[in-house]
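S.K.: Structure file start02.cif (mmCIF, C-alpha atoms) right here:
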data_run
loop_
_atom_site.label_atom_id
_atom_site.label_comp_id
_atom_site.auth_asym_id
_atom_site.auth_seq_id
_atom_site.Cartn_x
_atom_site.Cartn_y
_atom_site.Cartn_z
CA MET A 92 -42.71 30.18 35.59
CA CYS A 93 -43.90 26.79 34.49
CA TRP A 94 -44.19 28.02 30.89
CA MET A 95 -40.74 29.48 31.06
CA GLY A 96 -39.40 26.20 32.33
CA SER A 97 -40.88 24.08 29.56
CA ALA A 98 -39.88 26.61 26.90
CA SER A 99 -36.33 26.68 28.07
CA ARG A 100 -36.36 22.91 28.26
CA VAL A 101 -37.59 22.71 24.66
CA PHE A 102 -34.96 25.20 23.64
CA LEU A 103 -32.29 23.23 25.44
CA MET A 104 -33.40 19.99 23.77
CA ALA A 105 -33.39 21.62 20.34
CA PHE A 106 -29.98 23.02 21.02
CA LEU A 107 -28.68 19.64 22.11
CA PHE A 108 -30.06 17.94 19.03
CA ALA A 109 -28.64 20.58 16.75
CA SER A 110 -25.25 20.25 18.32
CA LEU A 111 -25.28 16.46 18.02
CA PRO A 112 -23.09 15.57 15.08
CA LEU A 113 -24.87 13.67 12.35
CA PRO A 114 -23.36 10.20 12.15
CA ALA A 115 -23.16 10.25 8.37
CA LEU A 116 -21.33 13.54 8.28
CA SER A 117 -18.92 12.90 11.07
CA SER A 118 -18.05 9.34 10.06
CA ARG A 119 -14.29 9.09 10.00
CA LEU A 120 -12.26 6.50 8.22
CA VAL A 121 -11.08 4.00 10.79
CA ILE A 122 -8.92 1.17 9.57
CA PRO A 123 -8.41 -1.78 11.94
CA GLU A 124 -4.87 -2.22 13.15
CA SER A 125 -4.69 -5.69 11.65
CA PRO A 126 -6.85 -7.12 8.88
CA ARG A 127 -8.32 -10.11 10.83
CA GLY A 128 -9.43 -11.71 7.59
CA HIS A 129 -8.91 -11.54 3.87
CA VAL A 130 -11.94 -9.39 3.18
CA VAL A 131 -12.15 -6.19 5.19
CA ASP A 132 -15.46 -4.83 3.99
CA LEU A 133 -15.73 -1.49 5.75
CA ALA A 134 -18.07 -0.11 3.07
CA SER A 135 -20.40 -3.15 3.41
CA ILE A 136 -20.68 -3.84 -0.30
CA VAL A 137 -19.81 -7.55 -0.36
CA ASP A 138 -22.58 -10.07 0.14
CA ARG A 139 -22.10 -12.81 2.67
CA THR A 140 -21.83 -15.78 0.33
CA ARG A 141 -19.25 -14.09 -1.82
CA ARG A 142 -17.30 -12.85 1.17
CA GLU A 143 -17.06 -16.34 2.62
CA ARG A 144 -16.08 -17.73 -0.75
CA MET A 145 -13.32 -15.15 -1.13
CA GLU A 146 -12.15 -15.74 2.43
CA ALA A 147 -11.87 -19.43 1.75
CA LEU A 148 -10.18 -18.95 -1.61
CA LEU A 149 -7.63 -16.50 -0.24
CA GLU A 150 -6.96 -18.68 2.78
CA GLU A 151 -6.28 -21.60 0.50
CA LEU A 152 -3.99 -19.41 -1.59
CA LYS A 153 -2.10 -18.39 1.52
CA ASP A 154 -1.78 -21.98 2.68
CA LYS A 155 -0.45 -23.22 -0.64
CA THR A 156 1.71 -20.34 -1.82
CA GLY A 157 2.27 -18.11 1.21
CA VAL A 158 0.84 -15.14 -0.68
CA GLN A 159 -1.26 -12.94 1.58
CA MET A 160 -3.94 -11.08 -0.31
CA VAL A 161 -6.42 -8.78 1.39
CA ILE A 162 -9.40 -6.94 -0.08
CA LEU A 163 -10.29 -3.66 1.61
CA THR A 164 -13.40 -1.66 0.81
CA ILE A 165 -13.89 1.81 2.24
CA GLU A 166 -16.56 4.45 1.84
CA GLY A 167 -14.25 7.28 0.93
CA LEU A 168 -10.66 8.39 1.07
CA ASP A 169 -11.38 11.75 2.74
CA GLY A 170 -9.20 13.63 0.29
CA ARG A 171 -6.23 11.27 0.34
CA ALA A 172 -4.69 9.95 -2.83
CA ILE A 173 -5.42 6.23 -3.23
CA GLU A 174 -1.76 5.44 -4.02
CA GLU A 175 -0.65 6.92 -0.71
CA PHE A 176 -3.49 5.40 1.26
CA SER A 177 -3.09 1.89 -0.10
CA LEU A 178 0.70 1.95 0.30
CA TYR A 179 0.28 3.13 3.87
CA VAL A 180 -2.16 0.33 4.73
CA ALA A 181 -0.22 -2.42 2.94
CA ASN A 182 3.32 -1.39 3.81
CA ASP A 183 3.12 0.47 7.11
CA LEU A 184 -0.07 -0.54 8.88
CA TRP A 185 -0.67 -4.21 8.00
CA ARG A 186 2.69 -5.13 6.49
CA LEU A 187 1.07 -7.80 4.32
CA GLY A 188 3.17 -10.74 3.22
CA GLU A 189 6.01 -12.66 4.78
CA ARG A 190 9.27 -11.08 5.83
CA GLY A 191 11.95 -11.53 3.20
CA LYS A 192 9.44 -12.75 0.63
CA ASP A 193 7.40 -9.56 0.41
CA ASN A 194 4.49 -11.51 -1.01
CA GLY A 195 1.61 -9.30 0.05
CA LEU A 196 -1.18 -7.97 -2.12
CA LEU A 197 -3.86 -5.43 -1.27
CA LEU A 198 -6.90 -4.50 -3.34
CA THR A 199 -8.46 -1.26 -2.12
CA VAL A 200 -11.85 -0.07 -3.33
CA SER A 201 -13.16 3.36 -2.40
CA LEU A 202 -16.82 3.95 -3.16
CA ARG A 203 -17.14 7.71 -3.05
CA GLU A 204 -14.28 8.38 -5.44
CA ARG A 205 -15.19 5.28 -7.51
CA VAL A 206 -11.57 4.24 -7.57
CA TYR A 207 -9.70 1.00 -6.95
CA ARG A 208 -6.06 0.05 -6.64
CA PHE A 209 -4.03 -3.15 -6.51
CA GLU A 210 -0.95 -2.70 -4.31
CA VAL A 211 1.66 -5.34 -5.04
CA GLY A 212 4.51 -6.40 -2.74
CA TYR A 213 8.06 -6.49 -4.06
CA GLY A 214 8.03 -10.27 -4.27
CA LEU A 215 4.95 -10.45 -6.50
CA GLU A 216 5.96 -7.84 -9.04
CA GLY A 217 7.24 -10.48 -11.44
CA ILE A 218 4.09 -12.60 -11.21
CA LEU A 219 1.60 -9.76 -11.38
CA PRO A 220 2.83 -7.07 -13.77
CA ASP A 221 1.04 -3.74 -13.60
CA SER A 222 -0.43 -4.24 -17.06
CA LEU A 223 -1.96 -7.60 -16.10
CA LEU A 224 -3.63 -6.08 -13.05
CA GLY A 225 -4.75 -3.18 -15.20
CA ASP A 226 -6.41 -5.68 -17.56
CA ILE A 227 -8.06 -7.54 -14.69
CA GLY A 228 -9.41 -4.28 -13.31
CA ARG A 229 -10.77 -3.16 -16.67
CA LYS A 230 -12.25 -6.57 -17.43
CA TYR A 231 -13.88 -7.46 -14.11
CA LEU A 232 -13.99 -4.54 -11.71
CA VAL A 233 -15.03 -1.67 -13.98
CA PRO A 234 -17.97 -3.26 -15.85
CA TYR A 235 -19.46 -4.96 -12.76
CA PHE A 236 -18.90 -1.98 -10.49
CA ARG A 237 -20.67 0.25 -12.99
CA LYS A 238 -23.73 -1.96 -12.63
CA GLY A 239 -23.38 -1.86 -8.85
CA ALA A 240 -22.47 -5.57 -8.73
CA TYR A 241 -19.55 -5.10 -6.35
CA SER A 242 -19.48 -8.62 -4.96
CA GLU A 243 -19.50 -10.19 -8.38
CA GLY A 244 -16.75 -7.92 -9.71
CA LEU A 245 -14.54 -8.41 -6.65
CA PHE A 246 -15.06 -12.15 -6.74
CA LEU A 247 -14.19 -12.49 -10.42
CA ALA A 248 -11.14 -10.25 -10.05
CA THR A 249 -10.02 -12.27 -7.03
CA LEU A 250 -10.41 -15.47 -9.03
CA ALA A 251 -8.35 -14.06 -11.89
CA VAL A 252 -5.59 -12.87 -9.57
CA THR A 253 -5.43 -16.09 -7.54
CA LYS A 254 -5.39 -18.15 -10.72
CA GLN A 255 -2.38 -16.23 -11.98
CA ILE A 256 -0.52 -16.64 -8.68
CA ALA A 257 -1.43 -20.33 -8.36
CA SER A 258 -0.31 -21.14 -11.90
CA HIS A 259 3.00 -19.42 -11.23
CA TYR A 260 3.57 -21.51 -8.11
CA GLY A 261 2.37 -24.63 -9.92
CA VAL A 262 -0.43 -25.36 -7.46
CA ARG A 263 -4.13 -25.95 -8.02
CA LEU A 264 -6.71 -24.19 -5.91
CA ARG A 265 -9.71 -26.34 -5.14
CA LEU A 266 -12.01 -23.39 -4.75
CA GLU A 267 -11.39 -22.02 -8.20
CA ASP A 268 -13.75 -24.63 -9.54
CA TYR A 269 -17.01 -23.04 -8.62
CA ALA A 270 -17.20 -19.64 -10.18
CA GLY A 271 -20.94 -19.02 -10.47
CA PRO A 272 -23.00 -17.62 -7.61
CA LYS A 273 -24.00 -20.29 -5.11
CA ARG A 274 -27.71 -20.57 -4.42
CA PRO A 275 -28.58 -19.85 -0.81
CA SER A 276 -28.78 -23.03 1.19
CA ARG A 277 -31.64 -23.84 3.52
CA VAL A 278 -29.23 -25.38 5.98
CA LEU A 279 -27.61 -22.04 6.69
CA PRO A 280 -30.27 -20.55 9.01
CA ILE A 281 -30.27 -23.75 11.06
CA LEU A 282 -26.52 -23.63 11.27
CA PHE A 283 -26.75 -20.01 12.33
CA PHE A 284 -29.01 -20.88 15.26
CA LEU A 285 -26.73 -23.74 16.12
CA LEU A 286 -23.85 -21.31 16.16
CA VAL A 287 -25.68 -18.83 18.39
CA PHE A 288 -26.60 -21.70 20.68
CA LEU A 289 -23.01 -22.89 20.82
CA ILE A 290 -21.73 -19.41 21.63
CA LEU A 291 -24.32 -18.92 24.37
CA PHE A 292 -23.56 -22.38 25.60
CA SER A 293 -19.88 -21.58 25.77
CA PHE A 294 -20.59 -18.66 28.05
CA PHE A 295 -22.76 -20.59 30.46
CA ARG A 296 -21.11 -23.96 30.41
CA PRO A 297 -20.37 -25.56 33.76
CA SER A 298 -16.86 -25.05 35.03
CA ARG A 299 -15.96 -28.73 34.85
CA TRP A 300 -16.44 -28.56 31.08
CA ARG A 301 -13.87 -25.84 30.71
CA GLY A 302 -11.26 -26.77 28.19
CA PHE A 303 -13.82 -27.80 25.64
CA GLY A 304 -13.97 -24.62 23.62
CA PRO A 305 -16.95 -23.97 21.41
CA VAL A 306 -15.95 -25.87 18.31
CA VAL A 307 -17.67 -24.04 15.55
CA PHE A 308 -17.51 -25.92 12.32
CA LEU A 309 -19.65 -24.95 9.42
CA PRO A 310 -19.57 -27.21 6.38
CA GLY A 311 -19.24 -25.28 3.15
CA MET A 312 -16.67 -22.99 4.66
CA PRO A 313 -13.97 -25.31 5.88
CA LEU A 314 -11.17 -22.82 5.35
CA GLY A 315 -10.90 -19.34 6.65
CA SER A 316 -14.32 -19.00 8.16
CA PRO A 317 -14.23 -15.65 9.90
CA TRP A 318 -15.29 -17.27 13.12
CA SER A 319 -12.78 -20.03 13.32
CA ASP A 320 -10.27 -19.56 16.07
CA SER A 321 -7.23 -20.01 13.89
CA HIS A 322 -8.24 -16.94 12.04
CA PHE A 323 -7.91 -14.51 14.86
CA GLY A 324 -4.42 -13.78 15.96
CA GLY A 325 -2.69 -16.01 13.47
CA PHE A 326 -3.60 -13.90 10.49
CA GLY A 327 -1.01 -11.24 9.97
CA GLY A 328 1.96 -11.86 7.73
CA GLY A 329 3.46 -8.80 9.27
CA GLY A 330 6.69 -8.43 7.38
CA GLY A 331 6.18 -7.74 3.73
CA GLY A 332 7.56 -4.71 1.91
CA PHE A 333 5.93 -2.70 -0.86
CA GLY A 334 7.44 -0.30 -3.33
CA GLY A 335 4.45 1.24 -5.06
CA ALA A 336 3.90 -1.45 -7.69
CA GLY A 337 0.40 -2.22 -8.93
CA ALA A 338 -2.38 -0.76 -11.01
CA GLN A 339 -5.41 1.35 -10.42
CA GLY A 340 -8.50 2.57 -12.18
CA ARG A 341 -11.89 4.25 -11.94
CA TRP A 342 -15.37 3.08 -12.74
CA MET B 127 48.44 3.58 46.70
CA LYS B 128 44.87 4.75 46.47
CA ARG B 129 45.95 7.96 44.76
CA VAL B 130 47.93 6.11 42.14
CA VAL B 131 44.96 3.95 41.26
CA LEU B 132 42.72 7.01 41.04
CA ARG B 133 45.22 8.82 38.85
CA LEU B 134 45.39 5.87 36.49
CA ILE B 135 41.78 4.81 36.40
CA VAL B 136 40.12 8.18 35.94
CA PRO B 137 42.06 9.19 32.80
CA LEU B 138 41.69 5.70 31.39
CA PHE B 139 37.95 5.81 31.95
CA LEU B 140 37.69 9.22 30.34
CA LEU B 141 39.72 8.04 27.36
CA PHE B 142 37.43 5.03 27.04
CA LEU B 143 34.35 7.29 27.05
CA ILE B 144 35.83 9.53 24.38
CA LEU B 145 36.77 6.59 22.17
CA LEU B 146 33.34 5.08 22.62
CA SER B 147 31.54 8.26 21.59
CA VAL B 148 33.84 8.65 18.59
CA LYS B 149 33.05 5.10 17.54
CA VAL B 150 29.31 5.63 17.90
CA GLY B 151 29.40 8.89 15.94
CA TYR B 152 31.60 7.44 13.22
CA ASP B 153 29.38 4.40 12.80
CA ARG B 154 26.30 6.59 12.64
CA ALA B 155 27.81 8.68 9.85
CA ILE B 156 28.65 5.53 7.89
CA THR B 157 25.19 4.03 8.41
CA LEU B 158 23.37 7.17 7.30
CA ASP B 159 25.57 7.41 4.23
CA GLU B 160 24.90 3.77 3.38
CA ASN B 161 21.15 4.34 3.75
CA VAL B 162 21.30 7.16 1.24
CA LYS B 163 23.34 5.03 -1.17
CA ASN B 164 20.87 2.16 -0.87
CA ALA B 165 17.88 4.40 -1.42
CA TRP B 166 19.60 5.96 -4.41
CA ALA B 167 20.29 2.54 -5.92
CA GLN B 168 16.61 1.61 -5.52
CA LEU B 169 15.53 4.88 -7.05
CA GLN B 170 17.92 4.38 -9.96
CA ASN B 171 16.46 0.93 -10.64
CA GLN B 172 13.04 2.45 -11.00
CA LEU B 173 14.30 5.36 -13.08
CA LYS B 174 15.98 2.89 -15.43
CA ARG B 175 12.66 1.08 -15.72
CA ARG B 176 11.03 4.31 -16.77
CA TYR B 177 13.67 4.99 -19.42
CA ASP B 178 13.32 1.50 -20.81
CA LEU B 179 9.61 2.14 -21.27
CA ILE B 180 10.01 5.44 -23.05
CA PRO B 181 10.93 4.06 -26.52
CA ASN B 182 7.76 1.92 -26.49
CA LEU B 183 5.67 4.83 -25.38
CA VAL B 184 7.13 7.13 -28.01
CA GLY B 185 6.62 4.44 -30.65
CA ALA B 186 2.94 4.09 -29.73
CA VAL B 187 2.24 7.81 -29.69
CA ARG B 188 4.24 8.52 -32.85
CA GLY B 189 1.78 6.47 -34.91
CA TYR B 190 -0.94 8.96 -34.04
CA ALA B 191 0.97 12.19 -33.66
CA ALA B 192 3.96 12.00 -35.99
CA HIS B 193 4.13 15.77 -36.36
CA GLU B 194 4.97 16.37 -32.67
CA LYS B 195 8.66 15.79 -33.35
CA GLU B 196 9.82 18.32 -30.80
CA ILE B 197 8.62 16.34 -27.78
CA PHE B 198 10.05 13.05 -29.04
CA GLU B 199 13.41 14.63 -29.66
CA ALA B 200 13.51 16.39 -26.29
CA LEU B 201 12.64 13.10 -24.58
CA GLY B 202 15.34 11.21 -26.45
CA GLU B 203 17.91 13.86 -25.62
CA ALA B 204 17.11 13.91 -21.92
CA ARG B 205 17.26 10.13 -21.86
CA THR B 206 20.72 10.10 -23.42
CA ARG B 207 21.78 12.79 -20.96
CA TYR B 208 20.59 10.63 -18.05
CA PHE B 209 22.60 7.61 -19.14
CA GLY B 210 25.66 9.78 -19.76
CA ALA B 211 25.43 11.57 -16.40
CA LYS B 212 28.44 11.20 -14.13
CA ASP B 213 27.12 12.02 -10.67
CA THR B 214 23.90 12.02 -8.70
CA ARG B 215 23.26 15.72 -9.26
CA GLU B 216 23.44 15.41 -13.06
CA LYS B 217 21.23 12.32 -13.04
CA ILE B 218 18.60 14.09 -10.98
CA ASP B 219 18.65 17.07 -13.35
CA ALA B 220 18.24 14.85 -16.43
CA SER B 221 15.39 12.96 -14.72
CA ARG B 222 13.59 16.18 -13.92
CA GLU B 223 13.83 17.19 -17.58
CA ILE B 224 12.39 13.83 -18.63
CA GLU B 225 9.54 14.24 -16.17
CA SER B 226 8.42 17.51 -17.68
CA GLN B 227 8.66 16.11 -21.23
CA LEU B 228 6.75 13.00 -20.22
CA SER B 229 3.89 15.00 -18.78
CA ARG B 230 3.77 16.98 -22.04
CA LEU B 231 3.60 13.70 -23.95
CA LEU B 232 0.77 12.41 -21.77
CA MET B 233 -1.14 15.66 -22.26
CA LEU B 234 -0.74 15.13 -25.98
CA VAL B 235 -2.32 11.69 -25.68
CA GLU B 236 -5.49 13.29 -24.32
CA ARG B 237 -6.11 14.69 -27.81
CA TYR B 238 -6.27 11.26 -29.44
CA PRO B 239 -9.26 9.26 -28.20
CA GLU B 240 -8.50 6.29 -30.50
CA LEU B 241 -5.04 6.04 -28.98
CA LYS B 242 -6.45 6.20 -25.46
CA ALA B 243 -8.87 3.36 -26.21
CA ASN B 244 -6.18 1.15 -27.74
CA GLU B 245 -5.68 -1.93 -25.57
CA ALA B 246 -1.93 -2.16 -26.12
CA PHE B 247 -1.63 1.49 -25.23
CA LEU B 248 -3.72 1.00 -22.09
CA ARG B 249 -1.28 -1.68 -20.95
CA LEU B 250 1.64 0.59 -21.73
CA GLN B 251 -0.04 3.26 -19.68
CA ASP B 252 -0.49 0.83 -16.76
CA ALA B 253 3.20 0.06 -16.92
CA LEU B 254 4.13 3.73 -17.02
CA GLU B 255 1.75 4.64 -14.20
CA GLY B 256 3.09 1.79 -12.11
CA THR B 257 6.64 2.87 -12.77
CA GLU B 258 5.92 6.49 -11.93
CA ASN B 259 4.31 5.40 -8.70
CA ARG B 260 7.30 3.22 -7.81
CA ILE B 261 9.57 6.15 -8.57
CA SER B 262 7.60 8.45 -6.32
CA VAL B 263 7.76 5.89 -3.50
CA GLU B 264 11.51 5.37 -3.87
CA ARG B 265 12.02 9.10 -4.29
CA LYS B 266 10.33 9.76 -1.00
CA ARG B 267 12.43 7.09 0.70
CA TYR B 268 15.58 8.56 -0.86
CA ASN B 269 14.69 12.07 0.27
CA ASP B 270 13.97 10.80 3.78
CA ALA B 271 17.39 9.14 3.91
CA VAL B 272 19.05 12.31 2.59
CA ARG B 273 17.23 14.42 5.14
CA GLU B 274 18.51 12.26 7.98
CA LEU B 275 22.08 12.26 6.69
CA ASN B 276 22.15 15.99 6.04
CA ARG B 277 20.68 16.81 9.41
CA PHE B 278 23.40 14.72 11.04
CA ALA B 279 26.17 16.16 8.87
CA ARG B 280 25.13 19.69 9.80
CA SER B 281 24.74 19.12 13.52
CA PHE B 282 27.28 20.30 16.08
CA PHE B 283 29.06 16.99 16.69
CA GLY B 284 27.85 15.23 13.54
CA ARG B 285 29.83 17.68 11.39
CA PHE B 286 33.02 16.38 12.98
CA PHE B 287 32.13 12.71 12.66
CA ALA B 288 30.99 13.09 9.06
CA ARG B 289 34.33 14.63 8.14
CA LEU B 290 36.14 11.89 10.03
CA ALA B 291 34.27 9.20 8.07
CA GLY B 292 34.67 11.04 4.78
CA VAL B 293 30.90 11.39 4.41
CA GLY B 294 29.42 14.46 2.73
CA MET B 295 25.90 15.81 2.35
CA ALA B 296 23.72 14.32 -0.40
CA PRO B 297 21.50 16.17 -2.88
CA TYR B 298 17.72 15.98 -2.59
CA TYR B 299 15.64 14.73 -5.49
CA ASP B 300 13.47 17.81 -5.85
CA ILE B 301 9.82 16.97 -5.89
CA PRO B 302 7.87 18.31 -8.89
CA GLU B 303 5.64 21.28 -8.09
CA ALA B 304 2.48 19.33 -8.87
CA GLU B 305 3.23 16.81 -6.15
CA LYS B 306 4.25 19.39 -3.59
CA SER B 307 0.79 20.89 -3.65
CA ARG B 308 -0.76 17.55 -2.80
CA PRO B 309 -2.30 17.58 0.67
CA GLU B 310 -0.19 15.77 3.21
CA VAL B 311 -1.45 12.36 4.25
CA LYS B 312 -2.14 11.87 7.91
CA PHE B 313 -3.73 8.89 9.55
#
Will you turn the file into C-alpha cells for me?
M.R.:
Amino acid sequence: MCWMGSASRVFLMAFLFASLPLPALSSRLVIPESPRGHVVDLASIVDRTRRERMEALLEELKDKTGVQMVILTIEGLDGRAIEEFSLYVANDLWRLGERGKDNGLLLTVSLRERVYRFEVGYGLEGILPDSLLGDIGRKYLVPYFRKGAYSEGLFLATLAVTKQIASHYGVRLRLEDYAGPKRPSRVLPILFFLLVFLILFSFFRPSRWRGFGPVVFLPGMPLGSPWSDSHFGGFGGGGGGFGGAGAQGRW
Amino acid sequence: MKRVVLRLIVPLFLLFLILLSVKVGYDRAITLDENVKNAWAQLQNQLKRRYDLIPNLVGAVRGYAAHEKEIFEALGEARTRYFGAKDTREKIDASREIESQLSRLLMLVERYPELKANEAFLRLQDALEGTENRISVERKRYNDAVRELNRFARSFFGRFFARLAGVGMAPYYDIPEAEKSRPEVKF
C-alpha cells in the first residue's frame, strides 16, 4: 500500500514535470504595447553602457528634431516576414513619430533569422533613402553582427543614422562626439546602491514627506535615462504613418 | 385638434427619418469611393517610382548580360503599356506583366556574382526592394479599400445608395501567387 502510494506519487511527479512546458520552447513573442524607451532590447543583446548611450543620443535627437527612433531586438520572428512584422509594430502598434509629420523610424533586429530592417516613416523618406540605409546596414550592422558584437554594430549604425538626420535638420548632437566604448566607471556601483536606497526610501518615507518624489539623477546619463520619470508615459509619439519604406539585410 | 397634429407630425417625422437614412447611405457611398481613389493614387505613386527605377536597373544588368535581350524588351514594352493605359484595369494588367518580368530579371542577376557584389548595384537593389515593399503596402491598403467599397455596393441597401451616388465597384489589384502563399500574420 505504502509502496503503491510512493510509486504513484513518483509517477504523478514525473507526469507533471513532463507536461510542464519548457520555457525555451514555449517562449512566445510578446511586444510591449508602447516602447517605453528608445531601445527595446527583448533579445538582451545590448550591453548596458551602449544602451544608455543610445537612449541618450536618441532622446537628444527627438528633442532637437522631433524624430522618434526606436531600436527593437527580438529573439525570433516565429515565421513572420520581417517587413510585415516591422510595419505592424511601427505603424499599427507603436505609431512612431508625430502626427502629420510621420517622422518615426524603427530598427528591428531578429536574432534567429539573422535579419534586420529599418522601417522609415513617410516624413523621413527624403532624408533617409533606402539605399543609404542599405549602406549603413552593410557597413555597420553586418560585419559587427557577424562577430557577435551586437552592441557595437547597433551603436555605430545609430550614430550614422542620427548624424544624417541631424545634418538634414541643421542641428548638432552633443552625444555624437564620443564614439568609442566608454570604460566602466567605478562610480557606477555606488550610484546603483544610492539608487536602490532612494527607491526603498521612497517606499518607506514618512507621510509628511510625501510630495518629494525620489529624484533619481545619475550623472553621465542626463537625458533619457530609463528610470527618469519623464520617460514613462511621455514617450510615445503615437501618430506617425509608415508606408513600407526602408531597407533590410541579413548577416 | 390633437388628431390634426398627429396626422401632420407622424408623416413629417417619417419623411425626416427616410431623408436622414438616404443622406447617411449616400455619404457612405461617396466616402468609400473616395477612400478607394486615394489608395489608388498612393499605389500609383509607388508604381511610378518602380517604373522610374527600371531603366537604371536594366542599364546595370545589361552590362553583364547583354544577350538577354528578350527580358529587357518585354520590360520596356510593359512599361510603355502602363504609361499608355487608360483605366485602372489596364494599369493593373500592365503592372502585373512588369512584375513577372522583373522577377525574371532578378533571377537572372543571381547568375552574375560580380554584378551582385557591385556596390552601385547593391544600392539599386535597395531602392528596388524598398519600392517593391512600398508597393505591397499600398497594394494591401488599396485592396482593403476596394473590399469595403465592393461589399457596400453589393449589399441590400448599399446597392441603391451606390447607384444614387454614381459609385461603381472597383477592381482588385490581384496579389501575385508567391505572396498569396505567405502565411498570414497574426499578433
S.K.: Please find the residues of chain A near chain B - the criterion being any atom within 6 Å, counting only C-alpha atoms - and write them as a list in words.
M.R.: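 Therefore, the residues near the partner are Asp221, Ser222, Gly334, Gly335, Ala336 and Gly337 of chain A.
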S.K.: Using all atoms listed in the file, pick whichever of A:Asp226, A:Glu243, A:Asp132, A:Glu143 has the shortest atom-to-atom distance to Ile162 in chain A.
M.R.: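 Result for the nearest residue to Ile162 in chain A: A:Asp132.
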S.K.: Please compute the CA of Ala240 in chain A-CA of Leu202 in chain A distance, one decimal, in Å.
M.R.: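 A separation of 12.4 Å between them.
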S.K.: So that I can check the surroundings of range 245-260 of chain A, please list as number ranges by chain every protein, DNA and RNA residue that reaches within 9 Å of it, counting all atoms listed in the file and ignoring chain neighbours fewer than 2 positions away.
M.R.: A: 137, 141-142, 144-145, 148-149, 152, 155-156, 158, 160, 162, 215, 218-219, 224, 227-228, 230-232, 235-236, 240-243, 262-264, 267, 270
S.K.: So how many Å separate CA of Val162 in chain B and CA of Glu175 in chain A, to one decimal?
M.R.: 22.0 Å
S.K.: If you measure from CA of Gln339 in chain A to CA of Tyr207 in chain A, what distance in Å do you get, rounded to one decimal?
M.R.: 5.5 Å
S.K.: So which residues touch Asp219 in chain B within 10 Å, counting all atoms listed in the file, skipping near sequence neighbours fewer than 3 positions away, as a ChimeraX atom specification?
M.R.: /B:204,207-208,211,214-216,222-225,299-300
S.K.: Could you write out as lines of an AutoDock Vina configuration file the box around range 153-156 of chain B (axis-aligned, all atoms listed in the file, 8 Å on each side), with centre and edge lengths in Å to one decimal?
M.R.:
center_x = 27.8
center_y = 6.5
center_z = 10.3
size_x = 19.1
size_y = 20.3
size_z = 20.9
S.K.: Selection in question (the file shown): the PyMOL selection byres ((chain A and resi 159) around 7). Which residues does it include, as number ranges by chain?
M.R.: A: 153, 157-158, 160-161, 187-188, 194-196
S.K.: Can you list what the PyMOL selection byres ((chain B and resi 193-202) around 8) grabs from this structure, as a list of chain:residue names?
M.R.: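 Applying the expression gives B:Val184, B:Arg188, B:Ala191, B:Ala192, B:Glu203, B:Ala204, B:Arg205, B:Thr206, B:Ile224, B:Gln227, B:Leu228, B:Arg230, B:Leu231.
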S.K.: Based on the selection just made, write C-alpha atoms of those residues as an mmCIF file, in the frame of the given file.
M.R.:
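Written out: again-v1.cif:
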data_model
loop_
_atom_site.group_PDB
_atom_site.id
_atom_site.type_symbol
_atom_site.label_atom_id
_atom_site.label_comp_id
_atom_site.auth_asym_id
_atom_site.auth_seq_id
_atom_site.Cartn_x
_atom_site.Cartn_y
_atom_site.Cartn_z
ATOM 1 C CA VAL B 184 7.130 7.130 -28.010
ATOM 2 C CA ARG B 188 4.240 8.520 -32.850
ATOM 3 C CA ALA B 191 0.970 12.190 -33.660
ATOM 4 C CA ALA B 192 3.960 12.000 -35.990
ATOM 5 C CA GLU B 203 17.910 13.860 -25.620
ATOM 6 C CA ALA B 204 17.110 13.910 -21.920
ATOM 7 C CA ARG B 205 17.260 10.130 -21.860
ATOM 8 C CA THR B 206 20.720 10.100 -23.420
ATOM 9 C CA ILE B 224 12.390 13.830 -18.630
ATOM 10 C CA GLN B 227 8.660 16.110 -21.230
ATOM 11 C CA LEU B 228 6.750 13.000 -20.220
ATOM 12 C CA ARG B 230 3.770 16.980 -22.040
ATOM 13 C CA LEU B 231 3.600 13.700 -23.950
#
S.K.: I'd like the residues picked by the PyMOL selection byres ((chain B and resi 285) around 12) written out as JSON, numbers by chain, using the chain letters and numbers from the file.
M.R.: {"B": [151, 152, 154, 155, 275, 276, 277, 278, 279, 280, 281, 282, 283, 284, 286, 287, 288, 289, 290, 291, 292, 293, 294, 295]}
S.K.: Find the residues near Phe176 in chain A: any atom within 12 Å, counting all atoms listed in the file, skip ones fewer than 3 places away on the same chain, and give them as a PyMOL selection string.
M.R.: (chain A and resi 120+122+163+165+167-173+179-184+197-201+207-210+335) or (chain B and resi 310-313)
